[in-house]
Every structure is written in structure tokens, then in C-alpha cells.
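Peer 1: Once you've had a glance at the structure underneath, I'll fire off some questions.
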Number of protein chains: 2
Amino acid sequence: MRDAYHEELDSIGDGLVEMARLVGSAIGRATTAMLDADLKLAESVIEADQKVDDLQHDLEARAIALLARQQPVATDLRIVVTSLRMSADLERSGDLAQHVAKLARLRFPERAVPQDLHATILEMGQLAQRLMAKAAEVIVTKDVDLALQLEQDDDEMDLLHRTLFTHLIEDRWKHGIETAVDVTLLGRYYERYADHAVAVAKRVVYLVTGEHADELQQQDIQSVTGAEGV
Amino acid sequence: MRDAYHEELDSIGDGLVEMARLVGSAIGRATTAMLDADLKLAESVIEADQKVDDLQHDLEARAIALLARQQPVATDLRIVVTSLRMSADLERSGDLAQHVAKLARLRFPERAVPQDLHATILEMGQLAQRLMAKAAEVIVTKDVDLALQLEQDDDEMDLLHRTLFTHLIEDRWKHGIETAVDVTLLGRYYERYADHAVAVAKRVVYLVTGEHADELQQQDIQSVTGAEGV
């Protein structure tokens, strides 16, 4: 039987999973809104972000109340503090999905993304959504192997990001500067979204093992030259 | 006389001020490195970010130890939790300064910023540095009026950002796509840097008043149409 204290801890975990679910859905729908120039869908994503913000505030208030009332130590303390960080990552991911939707709205009825980049942006959006679904699964299962797998998926995002930039700076680019600016920002939004999903998973690794994910797989880290600067 | 507990709390505050000082210096030096195409300076900024990361880890460890050992409640608890968030903001600001320096390095010996945008980028860099200096002062003084002032300064950053974009999408733009991409990302880095400085100040307002800064000055918020999307 769980006591009230652990029930509260669990409910914070549930809140995180719900946030991850919402922001995962948001990036998928924002990408669709962008590629289809669907104004209504874009606006629904923009509005729905309020729900994520509310969840974060609620979750933070509950975490702080738990700290004050129960004064957890050791692992339990680490769980609560780490939950606060995860909720910040998820809230920020929601903002980034909202940015994508706002760009779709800003360019409506035009499409922000030219046809020859649709496939790449679609893939970035799908990968972002998958990363967040895995992050949610990691929160639920505490599966360290799955968490470490997210870093590999993130390398894929870096490659897609690189593809986008290569396309942009090719001499054949014929879509003008405004579209280049839009595509540059979009690339950045997806990349940062993925970073936050990976950060959530890494924090679970830290909770489970007490070690930072980076230390566990130093050998796996692939340096993608220059990628960190874009 | 201060007891050991409050000395620990104070030392966490000192750590935050030191982080703010370092990342303030970093954005100033990164901007100079960018505008002068100074490779050595860029590399020194890139290396120095490690110090910021180390400070953050150290500060977090001390904050968590303080929570475990002293089990603060009420205001003291809020100070510790808020300090964790501020340190995350400051660490991220350091990353953004590092991104600017990395772009300077990537384009060396060329200059990433064309001459006709030097003044705007210089102004963004200086404003970013000033915002962080004020954020540090707010941490020290807990001056709510000064904290609210940062939001006004941030409006200035939004205007500069807008100037940059207007320049980019003008028909007269003659610097090519790669430079447009660089300038787009630079604009984003400075804007996000400023956001984090403002967030630090807002968190102090929350500590002092128990209210979120947004609620205190709802009337002052200026909606800069579309700005949030870029």
C-alpha cells in the first residue's frame, strides 16, 4: 500500500507524463499546421499551450508544498527537485511547438516551408514527436537503456538540421531571404525541442543511477562539428 | 550575527551573482569577437563557459544539500528552489554567449556580420550585457523596481531584433543566404539571452513579493505583434 506521501510523488510523475503528452501532440499538430498552412489548427496549438503552462504551475506548486510538508531527503528529495527541472524542460518544449504554430499563422495563407523542404521538416516534426513520446515512456518506466537511446535519436535530429542548412546555403536556393529566415528559425525550434526531450530523459537517468547520462556514455558522444553553433 | 544556515544561503546568492558576472562578460566578449573576427577572443569565451557550468553544478549540489540538511520551509524554501531556477537561466545564458563565440570561430577569418549591421549587433550585445548586469544587481539588492525595469529594457531588445529582421527581408539585402542564416541565429541568441536575464529578475520579484512579475505590471506589457514567433 502506498502512503499519502508517495501518492503525492506519483501524482507529480503523472503530471509530467501529461505535460509530455500534450507537448508531443503540440509539435505534431504544429508541424501539420505549418505544412498544410492550416490556420485553425495553428491557432488551436497556440491556445492549447496555456494548458501546459497551467500544468507546470500546478506541478511546481505541488512539488514545493511537498518539500515544505514532507521534507524529503536522499532519493525522494532528488525526485522532487528533478521533477521541477523536467517540468521546466517540458514547458519550454511547449513554447517551441507554439513558435512553430505562430510562424504558420504569421505566413498564412502562404506556406512558410517551400515544397522541396516539406519532407525534411515533416521528418523533423515526426522525430521531435517520437522523442517526446519516448521521454514520456522513460518517465513512466525509468528505463535507462531507452533514455540513452534518445541521444542516438537526437543525432538524427542534428543530421536533419544539417540537411536543412546545406539546402539553405546551396547556390540553388531560390525562395528568397524571408523564407530562408523562417526555415532557419524552424530548424532551431525543432533542434531545441529535441534537446529538451533528451534533457528530460537524461534527468531520469540521473535519478535512477545517480550519474549524469553524459558520464555513462562518454564513448557514444559523436561530435558533429559546428552543430552546436547553429 | 548570521548562523551557518543563512551563511550557506548567502553563499548560494554569491554563486548566482558570480555566474551572472561571468555570463555578462561572456556576451560582451563574444560580441567583440564576432564583430572583430577575433579568433583568440572567441576561443577564450568558448573555453570559459566551462567555469559557468562548474559553478552551476556546484551551486545545485549545495542547494540540494541545504534542502536535505536544513529542510527549510516558507520563504527560505522558496529562496532555495528559486535559486535552482536562476542558476539554470544563467547557465543557459552562458551557452548562448558561447553560441555567438562559436559562430565567430566558424566564420573566421571572415566576419559573420556585414558592416551595415555592425551597429545593430553591437547594440544588441551591449544591451544583453547591461541586462545581465542589472539582473546581478537585482539579485544583490532585491530591488523590485529595478527588476521591473528589465522588462522595459527587454522591449528595446525586441525592437533591435525587429530592426535586424526588417533589414534582412528588405529587397536591398545583398549579403547572400549564408549570412542571412547567421544573422537570423545571432538575433535569436541575443533575444533568448535577454529573456533569461529578465527571467532571473522576475524570479527575484517573485521571491520578494510572492507574486509573479507579470501580475504586477500587466498594464505595462506591450504586445509586439509577431515578435514571439521569431
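Residue numbers start at 1 in each chain; chains themselves are named A, B, ... in the order of the C-alpha cells; ligands are numbered from 1 in the order shown.
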Identify, on the basis of only C-alpha atoms, every residue whose closest approach to Ala33 of chain A does not exceed 10 Å; exclude the query and any residue fewer than 4 positions from it along the same chain; express the result as a list in words.
Peer 2: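 In the requested form, the answer reads Ile27, Gly28, Arg29, Ala37, Asp38, Leu39, Lys40, Leu41, Ala42, Glu43, Ser44, Val45, Val100, Ala101, Lys102, Leu103, Ala104, Arg105, Phe108 and Arg111 of chain A.
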Peer 1: With a distance threshold of 7 Å and counting only C-alpha atoms, extract the residues of chain A near chain B and express them as a CSV table (one decimal) with C-alpha atoms, in the first residue's frame.
Peer 2:
chain,number,residue,atom,x,y,z
A,68,ALA,CA,7.7,22.0,2.8
A,71,GLN,CA,10.8,17.5,3.9
A,73,VAL,CA,15.7,13.6,1.9
A,99,HIS,CA,6.6,29.1,-32.0
A,102,LYS,CA,2.9,31.0,-34.7
A,103,LEU,CA,5.1,31.0,-37.8
A,169,ILE,CA,23.2,27.7,-48.4
A,177,ILE,CA,15.6,35.7,-47.8
A,178,GLU,CA,12.3,35.7,-45.8
A,180,ALA,CA,15.5,31.4,-45.5
A,181,VAL,CA,14.9,33.2,-42.2
A,184,THR,CA,16.5,28.8,-40.2
A,185,LEU,CA,14.3,29.6,-37.2
A,229,GLY,CA,26.7,26.7,-33.0
A,230,VAL,CA,23.5,26.6,-35.1
Peer 1: Let's have chain A fitted on chain B; use all the C-alpha atoms paired in order for the least-squares step and return it as an mmCIF file with C-alpha atoms, in the first residue's frame.
Peer 2:
data_model
loop_
_atom_site.group_PDB
_atom_site.id
_atom_site.type_symbol
_atom_site.label_atom_id
_atom_site.label_comp_id
_atom_site.auth_asym_id
_atom_site.auth_seq_id
_atom_site.Cartn_x
_atom_site.Cartn_y
_atom_site.Cartn_z
ATOM 1 C CA MET A 1 25.112 37.529 13.649
ATOM 2 C CA ARG A 2 24.317 35.119 10.856
ATOM 3 C CA ASP A 3 24.043 31.432 11.606
ATOM 4 C CA ALA A 4 25.667 28.747 9.459
ATOM 5 C CA TYR A 5 22.386 28.134 7.702
ATOM 6 C CA HIS A 6 21.967 31.697 6.508
ATOM 7 C CA GLU A 7 25.616 31.848 5.597
ATOM 8 C CA GLU A 8 25.016 28.906 3.287
ATOM 9 C CA LEU A 9 22.004 30.645 1.770
ATOM 10 C CA ASP A 10 24.096 33.779 1.249
ATOM 11 C CA SER A 11 26.858 31.818 -0.397
ATOM 12 C CA ILE A 12 24.335 30.424 -2.881
ATOM 13 C CA GLY A 13 23.350 34.012 -3.642
ATOM 14 C CA ASP A 14 27.030 34.872 -4.119
ATOM 15 C CA GLY A 15 27.352 31.978 -6.558
ATOM 16 C CA LEU A 16 24.449 33.314 -8.607
ATOM 17 C CA VAL A 17 25.985 36.773 -8.749
ATOM 18 C CA GLU A 18 29.310 35.294 -9.836
ATOM 19 C CA MET A 19 27.560 33.307 -12.587
ATOM 20 C CA ALA A 20 25.761 36.458 -13.771
ATOM 21 C CA ARG A 21 29.067 38.333 -13.798
ATOM 22 C CA LEU A 22 30.724 35.634 -15.897
ATOM 23 C CA VAL A 23 27.933 35.303 -18.452
ATOM 24 C CA GLY A 24 27.621 39.088 -18.680
ATOM 25 C CA SER A 25 31.294 39.321 -19.516
ATOM 26 C CA ALA A 26 30.934 36.385 -21.934
ATOM 27 C CA ILE A 27 28.236 38.011 -24.071
ATOM 28 C CA GLY A 28 30.240 41.240 -24.244
ATOM 29 C CA ARG A 29 33.419 39.448 -25.279
ATOM 30 C CA ALA A 30 31.583 37.143 -27.695
ATOM 31 C CA THR A 31 30.077 40.170 -29.414
ATOM 32 C CA THR A 32 33.501 41.794 -29.739
ATOM 33 C CA ALA A 33 34.980 38.547 -31.056
ATOM 34 C CA MET A 34 32.173 38.398 -33.625
ATOM 35 C CA LEU A 35 32.473 41.985 -34.801
ATOM 36 C CA ASP A 36 36.289 41.993 -34.893
ATOM 37 C CA ALA A 37 36.638 38.418 -36.205
ATOM 38 C CA ASP A 38 38.970 37.810 -33.246
ATOM 39 C CA LEU A 39 39.575 34.054 -33.101
ATOM 40 C CA LYS A 40 41.519 34.056 -29.846
ATOM 41 C CA LEU A 41 38.881 36.029 -28.046
ATOM 42 C CA ALA A 42 36.175 33.732 -29.435
ATOM 43 C CA GLU A 43 38.044 30.688 -28.195
ATOM 44 C CA SER A 44 38.553 32.168 -24.760
ATOM 45 C CA VAL A 45 34.788 32.724 -24.472
ATOM 46 C CA ILE A 46 34.090 29.152 -25.594
ATOM 47 C CA GLU A 47 36.504 27.743 -23.020
ATOM 48 C CA ALA A 48 35.354 30.010 -20.209
ATOM 49 C CA ASP A 49 31.838 28.596 -20.362
ATOM 50 C CA GLN A 50 33.103 25.509 -18.542
ATOM 51 C CA LYS A 51 33.598 27.680 -15.473
ATOM 52 C CA VAL A 52 29.922 28.704 -15.612
ATOM 53 C CA ASP A 53 28.832 25.086 -15.917
ATOM 54 C CA ASP A 54 31.033 24.132 -12.974
ATOM 55 C CA LEU A 55 29.599 26.930 -10.879
ATOM 56 C CA GLN A 56 26.099 25.752 -11.702
ATOM 57 C CA HIS A 57 26.814 22.160 -10.710
ATOM 58 C CA ASP A 58 28.434 23.323 -7.509
ATOM 59 C CA LEU A 59 25.576 25.657 -6.703
ATOM 60 C CA GLU A 60 22.973 22.978 -7.364
ATOM 61 C CA ALA A 61 24.773 20.475 -5.200
ATOM 62 C CA ARG A 62 24.937 22.980 -2.371
ATOM 63 C CA ALA A 63 21.258 23.911 -2.763
ATOM 64 C CA ILE A 64 20.183 20.277 -2.641
ATOM 65 C CA ALA A 65 22.436 19.593 0.345
ATOM 66 C CA LEU A 66 20.865 22.573 2.086
ATOM 67 C CA LEU A 67 17.372 21.238 1.392
ATOM 68 C CA ALA A 68 18.319 17.842 2.766
ATOM 69 C CA ARG A 69 20.160 19.065 5.859
ATOM 70 C CA GLN A 70 18.170 22.101 6.885
ATOM 71 C CA GLN A 71 14.753 21.307 5.466
ATOM 72 C CA PRO A 72 13.791 24.936 5.083
ATOM 73 C CA VAL A 73 10.141 25.948 4.858
ATOM 74 C CA ALA A 74 8.247 29.035 3.700
ATOM 75 C CA THR A 75 10.451 31.858 2.422
ATOM 76 C CA ASP A 76 13.741 30.010 2.844
ATOM 77 C CA LEU A 77 12.431 27.056 0.858
ATOM 78 C CA ARG A 78 11.261 29.449 -1.855
ATOM 79 C CA ILE A 79 14.710 31.049 -1.960
ATOM 80 C CA VAL A 80 16.485 27.740 -2.474
ATOM 81 C CA VAL A 81 14.082 26.483 -5.147
ATOM 82 C CA THR A 82 14.183 29.824 -6.940
ATOM 83 C CA SER A 83 17.986 29.803 -6.813
ATOM 84 C CA LEU A 84 17.979 26.478 -8.633
ATOM 85 C CA ARG A 85 15.891 28.050 -11.374
ATOM 86 C CA MET A 86 18.042 31.148 -11.598
ATOM 87 C CA SER A 87 21.170 29.051 -11.930
ATOM 88 C CA ALA A 88 19.526 27.204 -14.853
ATOM 89 C CA ASP A 89 18.732 30.542 -16.546
ATOM 90 C CA LEU A 90 22.284 31.754 -16.059
ATOM 91 C CA GLU A 91 23.818 28.520 -17.312
ATOM 92 C CA ARG A 92 21.683 28.747 -20.448
ATOM 93 C CA SER A 93 22.706 32.398 -20.978
ATOM 94 C CA GLY A 94 26.298 31.221 -20.882
ATOM 95 C CA ASP A 95 25.509 28.677 -23.605
ATOM 96 C CA LEU A 96 24.018 31.405 -25.767
ATOM 97 C CA ALA A 97 27.100 33.622 -25.363
ATOM 98 C CA GLN A 98 29.132 30.566 -26.315
ATOM 99 C CA HIS A 99 26.978 30.094 -29.446
ATOM 100 C CA VAL A 100 27.819 33.641 -30.521
ATOM 101 C CA ALA A 101 31.526 32.937 -29.990
ATOM 102 C CA LYS A 102 31.264 29.657 -31.913
ATOM 103 C CA LEU A 103 29.725 31.422 -34.865
ATOM 104 C CA ALA A 104 32.615 33.913 -34.784
ATOM 105 C CA ARG A 105 35.039 30.964 -34.812
ATOM 106 C CA LEU A 106 33.157 29.147 -37.576
ATOM 107 C CA ARG A 107 33.336 32.148 -39.922
ATOM 108 C CA PHE A 108 36.894 33.193 -39.053
ATOM 109 C CA PRO A 109 38.776 34.834 -40.760
ATOM 110 C CA GLU A 110 35.614 36.249 -42.305
ATOM 111 C CA ARG A 111 33.266 38.370 -40.252
ATOM 112 C CA ALA A 112 29.852 36.753 -39.721
ATOM 113 C CA VAL A 113 28.152 40.150 -39.531
ATOM 114 C CA PRO A 114 28.183 42.497 -42.530
ATOM 115 C CA GLN A 115 29.323 46.049 -41.904
ATOM 116 C CA ASP A 116 25.868 47.609 -42.265
ATOM 117 C CA LEU A 117 24.598 45.500 -39.367
ATOM 118 C CA HIS A 118 27.580 46.055 -37.050
ATOM 119 C CA ALA A 119 25.893 48.885 -35.161
ATOM 120 C CA THR A 120 22.709 46.876 -34.541
ATOM 121 C CA ILE A 121 24.551 43.760 -33.392
ATOM 122 C CA LEU A 122 26.859 45.848 -31.214
ATOM 123 C CA GLU A 123 23.818 47.450 -29.615
ATOM 124 C CA MET A 124 22.201 44.039 -29.034
ATOM 125 C CA GLY A 125 25.394 42.766 -27.420
ATOM 126 C CA GLN A 126 25.730 45.812 -25.199
ATOM 127 C CA LEU A 127 22.086 45.704 -24.195
ATOM 128 C CA ALA A 128 22.377 41.991 -23.380
ATOM 129 C CA GLN A 129 25.381 42.711 -21.177
ATOM 130 C CA ARG A 130 23.584 45.592 -19.435
ATOM 131 C CA LEU A 131 20.517 43.425 -18.833
ATOM 132 C CA MET A 132 22.674 40.801 -17.163
ATOM 133 C CA ALA A 133 24.490 43.415 -15.058
ATOM 134 C CA LYS A 134 21.101 44.673 -13.874
ATOM 135 C CA ALA A 135 19.940 41.119 -13.183
ATOM 136 C CA ALA A 136 23.031 40.641 -10.988
ATOM 137 C CA GLU A 137 22.252 43.895 -9.207
ATOM 138 C CA VAL A 138 18.679 42.726 -8.643
ATOM 139 C CA ILE A 139 19.957 39.496 -7.074
ATOM 140 C CA VAL A 140 22.106 41.535 -4.678
ATOM 141 C CA THR A 141 19.699 44.361 -3.863
ATOM 142 C CA LYS A 142 16.320 42.564 -4.270
ATOM 143 C CA ASP A 143 15.186 45.855 -5.809
ATOM 144 C CA VAL A 144 11.751 45.150 -7.287
ATOM 145 C CA ASP A 145 11.598 48.436 -9.224
ATOM 146 C CA LEU A 146 14.895 47.689 -10.911
ATOM 147 C CA ALA A 147 13.655 44.183 -11.694
ATOM 148 C CA LEU A 148 10.544 45.526 -13.374
ATOM 149 C CA GLN A 149 12.728 47.946 -15.345
ATOM 150 C CA LEU A 150 14.393 44.995 -17.048
ATOM 151 C CA GLU A 151 11.169 44.290 -18.889
ATOM 152 C CA GLN A 152 11.334 47.732 -20.469
ATOM 153 C CA ASP A 153 14.920 47.091 -21.512
ATOM 154 C CA ASP A 154 13.765 43.835 -23.016
ATOM 155 C CA ASP A 155 11.274 45.745 -25.175
ATOM 156 C CA GLU A 156 14.315 47.567 -26.526
ATOM 157 C CA MET A 157 15.862 44.205 -27.399
ATOM 158 C CA ASP A 158 12.671 43.238 -29.224
ATOM 159 C CA LEU A 159 12.891 46.461 -31.223
ATOM 160 C CA LEU A 160 16.523 45.799 -32.156
ATOM 161 C CA HIS A 161 15.576 42.271 -33.113
ATOM 162 C CA ARG A 162 12.828 43.677 -35.298
ATOM 163 C CA THR A 163 15.271 46.124 -36.915
ATOM 164 C CA LEU A 164 17.536 43.211 -37.746
ATOM 165 C CA PHE A 165 14.712 41.262 -39.382
ATOM 166 C CA THR A 166 13.450 44.259 -41.309
ATOM 167 C CA HIS A 167 16.944 44.725 -42.658
ATOM 168 C CA LEU A 168 17.157 41.053 -43.578
ATOM 169 C CA ILE A 169 13.981 40.881 -45.602
ATOM 170 C CA GLU A 170 14.496 44.163 -47.403
ATOM 171 C CA ASP A 171 14.997 43.871 -51.128
ATOM 172 C CA ARG A 172 18.366 45.546 -50.740
ATOM 173 C CA TRP A 173 19.873 42.600 -48.812
ATOM 174 C CA LYS A 174 22.980 41.726 -50.760
ATOM 175 C CA HIS A 175 24.946 39.487 -48.390
ATOM 176 C CA GLY A 176 23.614 36.154 -49.520
ATOM 177 C CA ILE A 177 21.785 33.369 -47.770
ATOM 178 C CA GLU A 178 24.560 32.084 -45.510
ATOM 179 C CA THR A 179 24.965 35.478 -43.889
ATOM 180 C CA ALA A 180 21.184 35.798 -43.599
ATOM 181 C CA VAL A 181 21.135 32.473 -41.748
ATOM 182 C CA ASP A 182 23.962 33.613 -39.433
ATOM 183 C CA VAL A 183 22.275 36.914 -38.680
ATOM 184 C CA THR A 184 18.930 35.193 -38.040
ATOM 185 C CA LEU A 185 20.541 32.877 -35.491
ATOM 186 C CA LEU A 186 22.512 35.680 -33.881
ATOM 187 C CA GLY A 187 19.338 37.696 -33.436
ATOM 188 C CA ARG A 188 17.730 34.705 -31.800
ATOM 189 C CA TYR A 189 20.704 34.153 -29.453
ATOM 190 C CA TYR A 190 20.663 37.737 -28.180
ATOM 191 C CA GLU A 191 16.912 37.705 -27.777
ATOM 192 C CA ARG A 192 16.958 34.471 -25.779
ATOM 193 C CA TYR A 193 19.900 35.707 -23.694
ATOM 194 C CA ALA A 194 17.862 38.783 -22.788
ATOM 195 C CA ASP A 195 14.838 36.608 -21.959
ATOM 196 C CA HIS A 196 16.915 34.670 -19.437
ATOM 197 C CA ALA A 197 18.241 37.854 -17.810
ATOM 198 C CA VAL A 198 14.662 39.089 -17.483
ATOM 199 C CA ALA A 199 13.596 35.708 -16.091
ATOM 200 C CA VAL A 200 16.269 35.951 -13.377
ATOM 201 C CA ALA A 201 14.998 39.383 -12.352
ATOM 202 C CA LYS A 202 11.377 38.182 -12.386
ATOM 203 C CA ARG A 203 12.241 35.335 -10.081
ATOM 204 C CA VAL A 204 13.648 37.814 -7.576
ATOM 205 C CA VAL A 205 10.360 39.739 -7.770
ATOM 206 C CA TYR A 206 8.520 36.516 -7.021
ATOM 207 C CA LEU A 207 10.802 35.888 -4.040
ATOM 208 C CA VAL A 208 10.302 39.354 -2.603
ATOM 209 C CA THR A 209 6.609 39.856 -3.275
ATOM 210 C CA GLY A 210 5.285 36.314 -3.615
ATOM 211 C CA GLU A 211 3.714 37.457 -6.861
ATOM 212 C CA HIS A 212 4.821 36.756 -10.382
ATOM 213 C CA ALA A 213 6.209 39.854 -12.088
ATOM 214 C CA ASP A 214 3.656 39.540 -14.889
ATOM 215 C CA GLU A 215 0.815 40.094 -12.467
ATOM 216 C CA LEU A 216 2.459 43.206 -11.047
ATOM 217 C CA GLN A 217 2.641 45.057 -14.325
ATOM 218 C CA GLN A 218 0.015 43.605 -16.566
ATOM 219 C CA GLN A 219 -0.660 47.136 -17.762
ATOM 220 C CA ASP A 220 2.911 47.632 -18.939
ATOM 221 C CA ILE A 221 3.071 44.646 -21.188
ATOM 222 C CA GLN A 222 3.409 45.724 -24.753
ATOM 223 C CA SER A 223 2.411 43.234 -27.321
ATOM 224 C CA VAL A 224 4.948 43.356 -30.103
ATOM 225 C CA THR A 225 2.939 41.616 -32.772
ATOM 226 C CA GLY A 226 4.553 38.494 -34.080
ATOM 227 C CA ALA A 227 7.740 39.056 -32.062
ATOM 228 C CA GLU A 228 7.229 35.932 -29.996
ATOM 229 C CA GLY A 229 7.379 33.816 -33.137
ATOM 230 C CA VAL A 230 10.902 34.803 -34.122
#
